[in-house]
file entry_28.cif (mmCIF, C-alpha atoms)
data_work
#
loop_
_atom_site.label_atom_id
_atom_site.label_comp_id
_atom_site.auth_asym_id
_atom_site.auth_seq_id
_atom_site.Cartn_x
_atom_site.Cartn_y
_atom_site.Cartn_z
CA MET U 2 1.10 -25.12 -15.49
CA ARG U 3 1.97 -23.11 -12.37
CA GLU U 4 5.66 -24.08 -12.37
CA GLY U 5 7.80 -21.08 -11.47
CA ASN U 6 5.00 -19.35 -9.62
CA LEU U 7 5.12 -21.06 -6.24
CA GLN U 8 6.58 -17.89 -4.76
CA ALA U 9 4.61 -14.84 -3.69
CA PRO U 10 3.70 -12.49 -6.55
CA THR U 11 6.44 -10.02 -7.39
CA ARG U 12 6.00 -6.73 -9.21
CA HIS U 13 8.11 -5.36 -12.04
CA PRO U 14 8.64 -1.58 -12.16
CA LEU U 15 6.19 0.27 -14.38
CA ASP U 16 8.09 1.09 -17.59
CA TRP U 17 5.99 4.17 -18.24
CA LYS U 18 8.83 6.35 -19.59
CA ASN U 19 9.47 3.89 -22.41
CA PRO U 20 8.02 5.21 -25.73
CA ASP U 21 6.49 1.76 -26.32
CA PHE U 22 4.33 2.22 -23.22
CA LEU U 23 1.97 4.54 -25.11
CA ASP U 24 2.19 2.65 -28.43
CA GLU U 25 -1.43 1.65 -28.95
CA GLY U 26 -0.69 -1.15 -31.40
CA LYS U 27 1.77 -2.84 -29.06
CA ALA U 28 -0.56 -2.34 -26.12
CA LEU U 29 -3.46 -3.94 -28.01
CA ALA U 30 -1.25 -6.93 -28.83
CA GLU U 31 -0.41 -7.34 -25.15
CA LEU U 32 -4.07 -6.95 -24.23
CA GLU U 33 -4.94 -9.79 -26.62
CA ARG U 34 -2.21 -12.01 -25.12
CA VAL U 35 -3.34 -11.37 -21.55
CA PHE U 36 -7.06 -11.60 -22.37
CA ASP U 37 -6.45 -14.99 -23.95
CA ILE U 38 -4.77 -16.24 -20.75
CA CYS U 39 -7.59 -14.83 -18.61
CA HIS U 40 -10.21 -16.43 -20.86
CA GLY U 41 -8.56 -19.81 -20.38
CA CYS U 42 -8.51 -19.44 -16.60
CA ARG U 43 -11.57 -17.36 -15.58
CA ARG U 44 -10.54 -17.52 -11.93
CA CYS U 45 -11.17 -13.79 -11.39
CA VAL U 46 -14.73 -13.72 -12.72
CA SER U 47 -16.23 -12.68 -9.37
CA LEU U 48 -13.80 -9.86 -8.53
CA CYS U 49 -15.04 -6.92 -10.58
CA GLN U 50 -16.88 -6.10 -13.81
CA SER U 51 -13.76 -6.19 -16.06
CA PHE U 52 -13.68 -9.97 -16.17
CA PRO U 53 -17.40 -10.63 -16.80
CA THR U 54 -17.21 -7.96 -19.52
CA LEU U 55 -14.25 -9.73 -21.13
CA PHE U 56 -15.78 -13.18 -20.91
CA ASP U 57 -19.10 -11.97 -22.33
CA LEU U 58 -17.20 -10.52 -25.29
CA VAL U 59 -15.39 -13.83 -25.81
CA ASP U 60 -18.56 -15.90 -25.52
CA ALA U 61 -20.29 -13.72 -28.12
CA THR U 62 -17.68 -14.52 -30.82
CA ASP U 63 -18.25 -17.18 -33.47
CA ASP U 64 -15.65 -19.59 -32.11
CA GLY U 65 -15.52 -18.48 -28.46
CA GLU U 66 -11.95 -17.22 -28.64
CA VAL U 67 -10.31 -13.86 -27.89
CA HIS U 68 -9.06 -13.30 -31.45
CA GLY U 69 -12.70 -12.87 -32.51
CA ILE U 70 -13.21 -9.75 -30.37
CA ALA U 71 -13.01 -6.44 -32.20
CA LYS U 72 -10.07 -4.46 -30.82
CA GLU U 73 -12.22 -1.39 -30.13
CA ALA U 74 -14.23 -3.52 -27.70
CA TYR U 75 -11.14 -4.01 -25.51
CA TRP U 76 -11.76 -0.57 -24.04
CA LYS U 77 -14.99 -1.82 -22.47
CA VAL U 78 -12.86 -4.10 -20.30
CA VAL U 79 -10.39 -1.33 -19.49
CA ASP U 80 -13.14 1.07 -18.43
CA GLN U 81 -14.41 -1.38 -15.81
CA CYS U 82 -11.04 -1.73 -14.06
CA TYR U 83 -10.57 0.46 -10.98
CA LEU U 84 -7.08 -0.81 -10.11
CA CYS U 85 -8.03 -2.60 -6.91
CA ASP U 86 -5.10 -4.99 -7.57
CA LEU U 87 -6.92 -8.00 -6.11
CA CYS U 88 -6.59 -10.06 -9.29
CA TYR U 89 -2.80 -9.66 -9.14
CA MET U 90 -2.31 -10.10 -5.42
CA THR U 91 -4.86 -12.76 -4.51
CA LYS U 92 -6.09 -14.68 -7.56
CA CYS U 93 -3.84 -14.80 -10.62
CA PRO U 94 -1.56 -17.88 -10.90
CA TYR U 95 0.41 -16.34 -13.78
CA THR U 96 2.00 -13.31 -12.12
CA PRO U 97 5.80 -13.00 -12.04
CA PRO U 98 7.90 -15.08 -11.52
CA HIS U 99 5.67 -17.22 -13.78
CA PRO U 100 7.08 -17.04 -17.34
CA TRP U 101 3.75 -15.75 -18.68
CA ASN U 102 4.48 -12.57 -16.69
CA LEU U 103 0.87 -11.41 -16.35
CA ASP U 104 0.13 -8.10 -14.62
CA PHE U 105 -3.50 -7.34 -15.39
CA PRO U 106 -3.83 -4.12 -13.30
CA HIS U 107 -0.73 -2.49 -14.75
CA LEU U 108 -1.78 -3.48 -18.27
CA MET U 109 -5.11 -1.77 -17.57
CA LEU U 110 -3.15 1.24 -16.29
CA ARG U 111 -1.15 1.30 -19.52
CA ALA U 112 -4.36 1.24 -21.55
CA LYS U 113 -5.83 4.03 -19.40
CA ALA U 114 -2.66 6.09 -19.95
CA ILE U 115 -3.03 5.65 -23.71
CA LYS U 116 -6.66 6.71 -23.51
CA PHE U 117 -5.69 9.77 -21.45
CA SER U 118 -2.87 10.69 -23.85
CA LYS U 119 -5.37 10.63 -26.73
CA GLY U 120 -7.62 13.15 -24.95
CA GLU U 121 -10.37 10.57 -24.41
CA VAL U 122 -10.83 11.21 -20.68
CA SER U 123 -13.59 13.76 -20.17
CA ALA U 124 -13.24 17.02 -18.26
CA LYS U 125 -15.87 15.83 -15.79
CA GLU U 126 -13.81 12.72 -14.99
CA ARG U 127 -10.69 14.84 -14.51
CA PHE U 128 -12.59 17.16 -12.18
CA LEU U 129 -13.88 14.28 -10.05
CA ALA U 130 -10.29 13.12 -9.62
CA SER U 131 -9.09 16.60 -8.57
CA THR U 132 -9.53 16.14 -4.83
CA ASP U 133 -7.42 19.13 -3.85
CA THR U 134 -9.53 21.34 -6.13
CA HIS U 135 -13.03 20.58 -4.86
CA GLY U 136 -11.73 20.27 -1.31
CA GLN U 137 -10.81 23.95 -1.25
CA PHE U 138 -14.27 24.91 -0.02
CA ALA U 139 -13.74 22.84 3.15
CA GLY U 140 -13.42 24.89 6.31
CA ILE U 141 -14.72 28.17 4.86
CA PRO U 142 -17.47 29.53 7.14
CA ILE U 143 -20.95 29.76 5.61
CA VAL U 144 -19.64 28.58 2.22
CA VAL U 145 -19.16 25.00 3.40
CA ASP U 146 -22.68 24.93 4.87
CA VAL U 147 -24.17 26.23 1.64
CA VAL U 148 -22.23 23.73 -0.50
CA ASN U 149 -23.20 20.79 1.71
CA ALA U 150 -26.87 21.85 1.78
CA LEU U 151 -26.99 22.27 -2.00
CA ASN U 152 -25.35 18.89 -2.58
CA ARG U 153 -28.22 17.24 -0.70
CA THR U 154 -30.97 18.75 -2.86
CA THR U 155 -32.65 16.84 -5.68
CA GLY U 156 -32.11 19.69 -8.11
CA MET U 157 -28.37 19.91 -7.48
CA ARG U 158 -27.96 16.14 -7.71
CA LYS U 159 -29.73 16.17 -11.10
CA LEU U 160 -27.41 18.98 -12.21
CA MET U 161 -24.37 17.04 -11.01
CA ASP U 162 -25.63 14.04 -12.91
CA SER U 163 -25.91 15.95 -16.17
CA GLN U 164 -22.81 18.13 -15.80
CA LEU U 165 -20.37 15.99 -13.81
CA GLY U 166 -21.61 12.45 -14.38
CA VAL U 167 -22.30 11.87 -10.68
CA HIS U 168 -25.13 9.43 -10.10
CA PRO U 169 -28.02 11.14 -8.26
CA GLN U 170 -28.34 8.24 -5.78
CA ALA U 171 -24.65 7.79 -5.07
CA TRP U 172 -23.40 8.65 -1.59
CA MET U 173 -21.15 11.70 -1.55
CA PRO U 174 -19.00 13.02 1.31
CA SER U 175 -19.77 16.34 2.96
CA LEU U 176 -17.09 19.00 3.26
CA ALA U 177 -15.72 19.51 6.77
CA THR U 178 -16.36 22.74 8.65
CA GLU U 179 -12.70 22.73 9.72
CA ARG U 180 -9.86 21.04 7.90
CA PHE U 181 -7.77 18.47 9.73
CA ARG U 182 -4.52 20.30 8.95
CA TRP U 183 -5.75 23.58 10.41
CA GLY U 184 -4.82 24.44 13.98
CA ARG U 185 -2.90 21.25 14.76
CA ALA U 186 0.67 21.37 15.98
CA MET U 187 3.35 18.87 16.85
CA ASN U 188 2.92 16.76 19.97
CA ASN U 189 5.80 17.68 22.24
CA THR U 190 6.07 14.34 24.05
CA ALA U 191 9.75 13.46 24.33
CA PHE U 192 10.94 10.79 21.92
CA VAL U 193 12.69 7.93 23.66
CA CYS U 194 14.07 4.93 21.76
CA VAL U 195 13.55 1.66 23.60
CA ASN U 196 16.02 -1.21 23.18
CA GLY U 197 14.62 -3.86 20.87
CA GLU U 198 12.14 -1.41 19.34
CA ARG U 199 11.23 -2.52 15.82
CA THR U 200 9.00 0.42 14.95
CA PRO U 201 9.88 4.12 14.89
CA GLY U 202 8.83 5.79 18.13
CA LYS U 203 7.51 8.93 16.42
CA VAL U 204 4.87 9.40 13.74
CA ALA U 205 4.51 11.83 10.86
CA ILE U 206 0.85 11.95 9.80
CA PHE U 207 0.09 12.24 6.08
CA SER U 208 -3.41 13.69 6.34
CA THR U 209 -4.82 12.62 2.93
CA CYS U 210 -7.36 14.69 1.01
CA TYR U 211 -10.32 12.81 2.46
CA VAL U 212 -9.35 13.20 6.11
CA ASN U 213 -8.30 16.81 5.60
CA TYR U 214 -11.36 17.99 3.67
CA ASP U 215 -14.17 15.58 4.55
CA GLU U 216 -13.76 13.58 7.76
CA PRO U 217 -11.15 15.25 9.99
CA GLY U 218 -12.51 13.26 12.92
CA ILE U 219 -10.65 10.21 11.61
CA GLY U 220 -7.37 12.08 11.87
CA ALA U 221 -8.33 13.51 15.27
CA ASP U 222 -8.93 9.98 16.56
CA LEU U 223 -5.56 8.85 15.23
CA ILE U 224 -3.97 11.68 17.21
CA LYS U 225 -5.86 10.66 20.35
CA LEU U 226 -4.51 7.11 20.03
CA LEU U 227 -0.98 8.42 19.59
CA ASP U 228 -1.38 10.75 22.56
CA HIS U 229 -2.76 7.97 24.75
CA ASN U 230 0.22 5.78 23.88
CA GLU U 231 2.65 8.67 24.43
CA ILE U 232 3.92 8.56 20.86
CA PRO U 233 5.21 11.90 19.53
CA TYR U 234 3.64 12.96 16.25
CA GLU U 235 3.73 15.72 13.70
CA ILE U 236 1.38 16.59 10.85
CA VAL U 237 3.65 16.55 7.80
CA GLU U 238 4.82 20.04 6.94
CA LYS U 239 2.89 20.23 3.67
CA GLU U 240 1.21 17.79 1.32
CA GLN U 241 -0.72 17.37 -1.90
CA CYS U 242 -3.02 14.58 -3.04
CA CYS U 243 -1.09 11.30 -3.17
CA GLY U 244 -2.04 10.96 -6.85
CA MET U 245 -4.18 7.81 -6.65
CA PRO U 246 -7.30 9.41 -8.24
CA ARG U 247 -5.18 10.58 -11.16
CA LEU U 248 -3.49 7.20 -11.44
CA GLU U 249 -6.91 5.61 -11.89
CA LEU U 250 -7.48 7.91 -14.89
CA GLY U 251 -4.13 7.03 -16.46
CA ASP U 252 -2.98 10.64 -15.93
CA LEU U 253 0.59 9.71 -15.08
CA GLY U 254 1.87 13.24 -15.72
CA SER U 255 -0.25 14.58 -12.87
CA VAL U 256 0.85 11.68 -10.68
CA GLU U 257 4.43 12.72 -11.33
CA GLN U 258 3.67 16.32 -10.37
CA ALA U 259 2.16 15.18 -7.05
CA TRP U 260 5.19 12.94 -6.50
CA LYS U 261 7.54 15.89 -7.05
CA ALA U 262 5.62 17.92 -4.47
CA ASN U 263 5.25 15.25 -1.79
CA MET U 264 8.42 13.22 -1.97
CA PRO U 265 11.01 15.75 -0.74
CA VAL U 266 8.84 16.52 2.29
CA LEU U 267 8.13 12.89 3.18
CA ALA U 268 11.69 11.76 2.49
CA ARG U 269 12.95 14.13 5.19
CA TYR U 270 10.71 12.42 7.74
CA ALA U 271 11.78 8.98 6.55
CA LYS U 272 15.47 9.84 6.83
CA GLU U 273 14.95 11.30 10.31
CA GLY U 274 13.47 8.05 11.55
CA TRP U 275 9.76 8.87 11.59
CA ALA U 276 7.05 6.37 10.80
CA ILE U 277 4.81 7.97 8.15
CA VAL U 278 1.18 7.02 8.77
CA SER U 279 -1.79 7.51 6.44
CA ALA U 280 -5.35 6.63 7.49
CA ILE U 281 -6.66 6.03 3.95
CA PRO U 282 -5.56 2.65 2.48
CA SER U 283 -5.38 3.92 -1.11
CA CYS U 284 -3.01 6.72 -0.13
CA THR U 285 -0.86 4.35 1.91
CA LEU U 286 -0.71 1.93 -1.02
CA MET U 287 0.29 4.74 -3.37
CA PHE U 288 3.46 5.40 -1.36
CA LYS U 289 4.10 1.73 -0.59
CA GLN U 290 3.62 0.34 -4.09
CA GLU U 291 2.62 2.50 -7.03
CA LEU U 292 5.11 5.36 -6.68
CA PRO U 293 8.04 3.04 -5.88
CA LEU U 294 7.18 1.08 -9.05
CA MET U 295 6.94 4.27 -11.10
CA PHE U 296 10.21 5.67 -9.73
CA PRO U 297 12.25 2.58 -8.81
CA GLU U 298 15.62 4.33 -9.04
CA ASP U 299 14.71 7.23 -6.75
CA ALA U 300 16.26 6.75 -3.31
CA ASP U 301 13.83 9.14 -1.58
CA THR U 302 10.83 7.23 -2.93
CA GLN U 303 12.23 3.93 -1.69
CA ALA U 304 12.99 5.45 1.73
CA VAL U 305 9.40 6.70 2.03
CA LYS U 306 8.15 3.25 0.99
CA GLU U 307 10.01 1.68 3.91
CA ALA U 308 8.78 4.33 6.36
CA MET U 309 5.11 4.19 5.31
CA PHE U 310 2.63 2.47 7.63
CA ASP U 311 -1.04 1.67 7.73
CA PRO U 312 -2.23 2.89 11.18
CA PHE U 313 -2.96 -0.58 12.50
CA GLU U 314 0.18 -2.04 10.98
CA TYR U 315 1.96 0.54 13.12
CA PHE U 316 -0.04 -0.01 16.31
CA ILE U 317 0.21 -3.81 16.13
CA SER U 318 3.97 -3.49 15.59
CA ARG U 319 4.12 -1.30 18.70
CA HIS U 320 2.19 -3.97 20.56
CA LYS U 321 4.72 -6.61 19.48
CA ASP U 322 7.42 -4.28 20.80
CA GLY U 323 5.57 -4.30 24.14
CA LEU U 324 4.90 -0.57 23.82
CA LEU U 325 1.15 -0.34 23.13
CA LYS U 326 -1.21 0.30 26.03
CA THR U 327 -3.98 -2.28 26.40
CA ASP U 328 -6.01 -0.48 29.07
CA PHE U 329 -9.26 -0.83 27.15
CA LYS U 330 -12.36 0.14 29.13
CA ALA U 331 -15.43 0.17 26.87
CA ALA U 332 -17.04 -2.82 25.15
CA LEU U 333 -17.63 -2.47 21.41
CA GLY U 334 -20.31 -5.14 21.16
CA LYS U 335 -21.01 -6.70 17.76
CA VAL U 336 -18.73 -5.23 15.09
CA SER U 337 -18.95 -6.01 11.37
CA TYR U 338 -15.58 -5.05 9.96
CA HIS U 339 -14.74 -4.77 6.25
CA ILE U 340 -11.19 -5.16 4.92
CA PRO U 341 -10.85 -2.91 1.85
CA CYS U 342 -9.02 -3.99 -1.31
CA HIS U 343 -6.19 -1.47 -0.98
CA GLY U 344 -5.63 -2.67 2.57
CA ARG U 345 -5.48 -6.31 1.52
CA VAL U 346 -2.92 -5.79 -1.25
CA GLN U 347 -0.42 -4.08 1.06
CA ASN U 348 0.63 -7.56 2.20
CA ILE U 349 0.65 -6.63 5.86
CA GLY U 350 -1.89 -9.16 7.08
CA LYS U 351 -5.14 -8.38 8.89
CA LYS U 352 -3.76 -5.79 11.29
CA THR U 353 -7.04 -4.03 12.05
CA GLU U 354 -8.65 -7.36 12.80
CA GLU U 355 -5.71 -8.14 15.10
CA MET U 356 -6.38 -4.90 16.97
CA PHE U 357 -10.06 -5.73 17.44
CA LYS U 358 -9.10 -9.18 18.75
CA LEU U 359 -6.59 -7.57 21.10
CA ILE U 360 -9.34 -5.31 22.45
CA GLY U 361 -11.55 -8.38 22.79
CA GLN U 362 -9.11 -9.87 25.30
CA THR U 363 -10.10 -7.12 27.75
CA VAL U 364 -13.64 -6.02 26.85
CA GLU U 365 -16.47 -7.50 24.79
CA VAL U 366 -16.00 -7.48 21.03
CA LYS U 367 -17.94 -9.88 18.84
CA LEU U 368 -16.22 -9.54 15.49
CA ASN U 369 -17.53 -10.36 12.02
CA THR U 370 -14.81 -9.80 9.41
CA VAL U 371 -15.75 -9.41 5.74
CA GLU U 372 -12.96 -9.68 3.20
CA ARG U 373 -14.37 -8.80 -0.21
CA CYS U 374 -14.50 -5.76 -2.50
CA SER U 375 -17.30 -3.34 -1.60
CA GLY U 376 -17.46 -2.08 -5.17
CA HIS U 377 -16.98 1.60 -4.33
CA ALA U 378 -13.46 2.02 -5.71
CA GLY U 379 -13.13 5.81 -5.51
CA THR U 380 -14.89 7.67 -8.31
CA TYR U 381 -16.15 4.40 -9.82
CA GLY U 382 -18.79 4.17 -7.11
CA VAL U 383 -20.21 7.64 -7.75
CA LYS U 384 -20.16 7.92 -11.54
CA THR U 385 -23.50 7.75 -13.32
CA ALA U 386 -22.32 4.95 -15.62
CA THR U 387 -20.79 2.74 -12.94
CA HIS U 388 -22.63 3.41 -9.66
CA PRO U 389 -25.25 0.70 -10.37
CA VAL U 390 -22.43 -1.75 -11.13
CA ALA U 391 -20.66 -0.75 -7.91
CA MET U 392 -23.82 -1.49 -5.95
CA LYS U 393 -24.13 -4.87 -7.67
CA ILE U 394 -20.53 -5.77 -6.88
CA GLY U 395 -21.10 -4.80 -3.26
CA LYS U 396 -24.26 -6.89 -2.69
CA PRO U 397 -22.44 -9.88 -1.14
CA VAL U 398 -20.61 -7.48 1.18
CA PHE U 399 -23.80 -5.68 2.20
CA LYS U 400 -25.36 -9.03 3.08
CA ALA U 401 -22.30 -10.31 4.97
CA MET U 402 -21.91 -7.07 6.94
CA ALA U 403 -25.54 -7.28 8.11
CA ARG U 404 -25.09 -10.74 9.58
CA ASP U 405 -26.13 -11.03 13.25
CA GLU U 406 -27.43 -7.44 13.29
CA PRO U 407 -24.19 -5.69 14.30
CA ASP U 408 -24.10 -2.75 16.69
CA VAL U 409 -21.65 -0.99 14.37
CA ILE U 410 -20.12 -1.45 10.94
CA SER U 411 -16.60 -0.35 10.09
CA SER U 412 -14.06 -0.24 7.27
CA ASP U 413 -10.51 1.09 7.04
CA CYS U 414 -11.67 2.78 3.82
CA ALA U 415 -14.11 5.48 4.86
CA LEU U 416 -15.58 5.65 1.35
CA ALA U 417 -16.23 1.91 1.36
CA GLY U 418 -17.83 2.22 4.79
CA HIS U 419 -20.37 4.77 3.57
CA HIS U 420 -20.98 2.76 0.38
CA ILE U 421 -21.67 -0.34 2.48
CA ALA U 422 -24.00 1.60 4.79
CA GLN U 423 -25.94 2.83 1.76
CA GLY U 424 -26.15 -0.68 0.31
CA MET U 425 -27.33 -2.16 3.61
CA ALA U 426 -30.04 0.48 3.90
CA LEU U 427 -31.27 -0.23 0.37
CA ALA U 428 -31.33 -3.94 1.20
CA GLY U 429 -33.58 -3.30 4.20
CA THR U 430 -30.88 -4.05 6.79
CA PRO U 431 -29.65 -0.56 7.74
CA ALA U 432 -26.57 -0.26 9.92
CA LYS U 433 -27.20 0.96 13.47
CA ALA U 434 -23.94 2.93 13.38
CA LEU U 435 -20.91 3.49 11.14
CA GLN U 436 -17.51 4.19 12.72
CA HIS U 437 -13.98 4.15 11.39
CA PRO U 438 -11.76 1.53 13.10
CA LEU U 439 -9.60 4.31 14.58
CA SER U 440 -12.72 5.79 16.17
CA LEU U 441 -13.71 2.40 17.57
CA VAL U 442 -10.30 1.93 19.19
CA ARG U 443 -10.53 5.42 20.66
CA MET U 444 -13.93 4.47 22.09
CA ALA U 445 -12.53 1.19 23.45
CA TYR U 446 -9.85 3.15 25.30
CA GLY U 447 -12.61 5.27 26.82
CA LEU U 448 -11.21 8.45 25.28
CA GLU U 449 -13.45 11.42 24.51
#

call {"tool": "encode", "arguments": {"input": "entry_28.cif", "output": "structure tokens"}}
result
Amino acid sequence: MREGNLQAPTRHPLDWKNPDFLDEGKALAELERVFDICHGCRRCVSLCQSFPTLFDLVDATDDGEVHGIAKEAYWKVVDQCYLCDLCYMTKCPYTPPHPWNLDFPHLMLRAKAIKFSKGEVSAKERFLASTDTHGQFAGIPIVVDVVNALNRTTGMRKLMDSQLGVHPQAWMPSLATERFRWGRAMNNTAFVCVNGERTPGKVAIFSTCYVNYDEPGIGADLIKLLDHNEIPYEIVEKEQCCGMPRLELGDLGSVEQAWKANMPVLARYAKEGWAIVSAIPSCTLMFKQELPLMFPEDADTQAVKEAMFDPFEYFISRHKDGLLKTDFKAALGKVSYHIPCHGRVQNIGKKTEEMFKLIGQTVEVKLNTVERCSGHAGTYGVKTATHPVAMKIGKPVFKAMARDEPDVISSDCALAGHHIAQGMALAGTPAKALQHPLSLVRMAYGLE
């Protein structure tokens, strides 16, 4: 049954410019084919709500088969997919090169694109995905304080529920009083190439919307680690949202506009030999996987793909080059660390975990690694309709992260970290502290 699929999963380019891509009839036929395969396997039932939704629909038919599901009900499955990619990368035995050629996430993306093209994505959903728009208040004196204070009030949360579809109990990030990209210049440390060096010795930082508008401290800690290791860096000259929130809506036109804005800037860094580092896994994955699959013939996009690094992928590579300082001074104690979905599907291994273990060779680190979806998944975790489902999906993670009463919890995905902290608190096992892994490494170095 699995003949031809003993290799690692491979990904075909996304044929989104083909007129058939938005042909609803052909898409529904492919959905039926894939749903029938999934029904016969059911290996992914525990990953997200798409699969239980599908299997419940199948089980409710007269003969327990996919052909008995009304086609309009297919959209219930599509709406529960948040493109985490775990089914493709870690579970499905029928991905290419298997002849059944099953790519569940990109089929869901196709269906979402059809839904978007039909005008069936609400204005409130489009607004929630417009990170550069609602981030514009960040850093404005007085205004940012007023916005943050209002967003914490019961009245405003009820209004956001009714007008924007944001669940009143969902955690939401605060806007930063100063943006990460403001007031930061290039590090002038001289760049020296070392013989045998496998990683670029200089870093271009792609800030990301979240770090720029909401938690600039994550970016500041990345800079401190680069400074400590004498690695020259530069904040990329200009940037827009990577496009991941729009991708999740099926708004591929807006993804293309972001690509047109970002790619010429990032390609210059790639061609000049910079490592491009992004501290948000979803943004890193966008440049490593989704954009290269959308624009497979574009040389700049492929160059950026090769130059793009997760922060700990980069630091561990520097360590293997013998160029990372290991003068750790401060113990981290008991750390519960969560590997987010968009970190797992980059196929880079457990690089953050490797860093914690490296620190543990010098100072005390008792590590508990949790490798399962937290359920947050961007806007999915805050929407009124799906926040309760996101909390349900995350329950096993909340429980696992609380094991042995950790001193600190951490996730490469800042949004997942806050979601987990909220879930642990609701379960009666609140986290003592929440820190991003970059912040924990900065603390281990003894840096202020």

call {"tool": "resolve_selection", "arguments": {"input": "entry_28.cif", "expression": "the PyMOL selection byres ((chain U and resi 260) around 9)", "output": "PDB file with C-alpha atoms, in the coordinates of the input"}}
result
ATOM      1  CA  GLN U 241      -0.720  17.370  -1.900  1.00  0.00           C
ATOM      2  CA  CYS U 243      -1.090  11.300  -3.170  1.00  0.00           C
ATOM      3  CA  GLY U 244      -2.040  10.960  -6.850  1.00  0.00           C
ATOM      4  CA  SER U 255      -0.250  14.580 -12.870  1.00  0.00           C
ATOM      5  CA  VAL U 256       0.850  11.680 -10.680  1.00  0.00           C
ATOM      6  CA  GLU U 257       4.430  12.720 -11.330  1.00  0.00           C
ATOM      7  CA  GLN U 258       3.670  16.320 -10.370  1.00  0.00           C
ATOM      8  CA  ALA U 259       2.160  15.180  -7.050  1.00  0.00           C
ATOM      9  CA  LYS U 261       7.540  15.890  -7.050  1.00  0.00           C
ATOM     10  CA  ALA U 262       5.620  17.920  -4.470  1.00  0.00           C
ATOM     11  CA  ASN U 263       5.250  15.250  -1.790  1.00  0.00           C
ATOM     12  CA  MET U 264       8.420  13.220  -1.970  1.00  0.00           C
ATOM     13  CA  PRO U 265      11.010  15.750  -0.740  1.00  0.00           C
ATOM     14  CA  LEU U 292       5.110   5.360  -6.680  1.00  0.00           C
ATOM     15  CA  THR U 302      10.830   7.230  -2.930  1.00  0.00           C
TER      16      THR U 302
END

call {"tool": "closest_residue", "arguments": {"input": "entry_28.cif", "among": "U:Cys42, U:Met173, U:Ala271, U:Leu441", "to": "U:Ala300", "atoms": "all atoms listed in the file"}}
result
U:Ala271

call {"tool": "closest_residue", "arguments": {"input": "entry_28.cif", "among": "U:Glu216, U:Cys49, U:Cys242, U:Tyr234", "to": "U:Lys393", "atoms": "only C-alpha atoms"}}
result
U:Cys49

call {"tool": "residues_near_point", "arguments": {"input": "entry_28.cif", "point": "(-6.8, 17.9, 6.7)", "cutoff": "9 Å", "atoms": "all atoms listed in the file", "output": "list in words"}}
result
Glu179, Arg180, Phe181, Arg182, Trp183, Phe207, Ser208, Thr209, Cys210, Tyr211, Val212, Asn213, Tyr214, Asp215, Glu216, Pro217 and Gly220 of chain U

call {"tool": "resolve_selection", "arguments": {"input": "entry_28.cif", "expression": "the PyMOL selection byres ((chain U and resi 322-335) around 8)", "output": "PyMOL selection string"}}
result
chain U and resi 197-200+229-230+316-321+336-337+359-360+363-369+406-409+441+444-447

call {"tool": "write_last_selection", "arguments": {"input": "entry_28.cif", "atoms": "C-alpha atoms", "output": "mmCIF file, keeping the file's coordinate frame"}}
result
data_model
loop_
_atom_site.group_PDB
_atom_site.id
_atom_site.type_symbol
_atom_site.label_atom_id
_atom_site.label_comp_id
_atom_site.auth_asym_id
_atom_site.auth_seq_id
_atom_site.Cartn_x
_atom_site.Cartn_y
_atom_site.Cartn_z
ATOM 1 C CA GLY U 197 14.620 -3.860 20.870
ATOM 2 C CA GLU U 198 12.140 -1.410 19.340
ATOM 3 C CA ARG U 199 11.230 -2.520 15.820
ATOM 4 C CA THR U 200 9.000 0.420 14.950
ATOM 5 C CA HIS U 229 -2.760 7.970 24.750
ATOM 6 C CA ASN U 230 0.220 5.780 23.880
ATOM 7 C CA PHE U 316 -0.040 -0.010 16.310
ATOM 8 C CA ILE U 317 0.210 -3.810 16.130
ATOM 9 C CA SER U 318 3.970 -3.490 15.590
ATOM 10 C CA ARG U 319 4.120 -1.300 18.700
ATOM 11 C CA HIS U 320 2.190 -3.970 20.560
ATOM 12 C CA LYS U 321 4.720 -6.610 19.480
ATOM 13 C CA VAL U 336 -18.730 -5.230 15.090
ATOM 14 C CA SER U 337 -18.950 -6.010 11.370
ATOM 15 C CA LEU U 359 -6.590 -7.570 21.100
ATOM 16 C CA ILE U 360 -9.340 -5.310 22.450
ATOM 17 C CA THR U 363 -10.100 -7.120 27.750
ATOM 18 C CA VAL U 364 -13.640 -6.020 26.850
ATOM 19 C CA GLU U 365 -16.470 -7.500 24.790
ATOM 20 C CA VAL U 366 -16.000 -7.480 21.030
ATOM 21 C CA LYS U 367 -17.940 -9.880 18.840
ATOM 22 C CA LEU U 368 -16.220 -9.540 15.490
ATOM 23 C CA ASN U 369 -17.530 -10.360 12.020
ATOM 24 C CA GLU U 406 -27.430 -7.440 13.290
ATOM 25 C CA PRO U 407 -24.190 -5.690 14.300
ATOM 26 C CA ASP U 408 -24.100 -2.750 16.690
ATOM 27 C CA VAL U 409 -21.650 -0.990 14.370
ATOM 28 C CA LEU U 441 -13.710 2.400 17.570
ATOM 29 C CA MET U 444 -13.930 4.470 22.090
ATOM 30 C CA ALA U 445 -12.530 1.190 23.450
ATOM 31 C CA TYR U 446 -9.850 3.150 25.300
ATOM 32 C CA GLY U 447 -12.610 5.270 26.820
#

call {"tool": "closest_residue", "arguments": {"input": "entry_28.cif", "among": "U:Ala391, U:Pro297, U:Phe128, U:Ile281", "to": "U:Ile219", "atoms": "all atoms listed in the file"}}
result
U:Ile281

call {"tool": "closest_residue", "arguments": {"input": "entry_28.cif", "among": "U:Ala205, U:Val79, U:Ala71, U:Arg34", "to": "U:Thr54", "atoms": "all atoms listed in the file"}}
result
U:Val79
